[in-house]
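Just below is one structure, and these are the notes that go with it.
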Amino acid sequence: MEESELLTLVTTVMPYGKYKGKLLCDLPEYYLVWYKQKGFPPGKLGRLLGLLYEIKLNGLEYLLYDLKKMQ
């Protein structure tokens, strides 16, 4: 995991679905769990959602707080 990936999580918006327009870092954990069970979408978005899932699952959200404040 690189800082640039974390920065992408706090600057990228969800392009579709129930949470369209919300920053990825603001997606609720249950939504990420649902995606984990369903299968993450292919490509960059899927990789980012998978990373965010792991961050939230392991209680590492604090890694995103300062980056989000700077944006």
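Going by the structure tokens order, chains are called A, B, ..., each with residues numbered from 1, while ligands are numbered from 1 in the order shown.
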
At a cut-off of 12 Å, using only C-alpha atoms, what residues contact Glu5 in chain A? Leave out same-chain residues fewer than 3 positions from it and give the result as a PyMOL selection string. chain A and resi 1-2+8-12+24-25+44-45+47-52+55+63-64+67

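Computed from the coordinates, the CA of Tyr30 in chain A to CA of Leu57 in chain A distance equals 10.1 Å.
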
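Using only C-alpha atoms, the shortest contact distance between Leu32 in chain A and any of A:Gly59, A:Tyr65, A:Gly46, A:Leu6 is found at A:Gly46.
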
For CA of Leu60 in chain A and CA of Glu29 in chain A, the interatomic separation in Å (one decimal): 12.2 Å
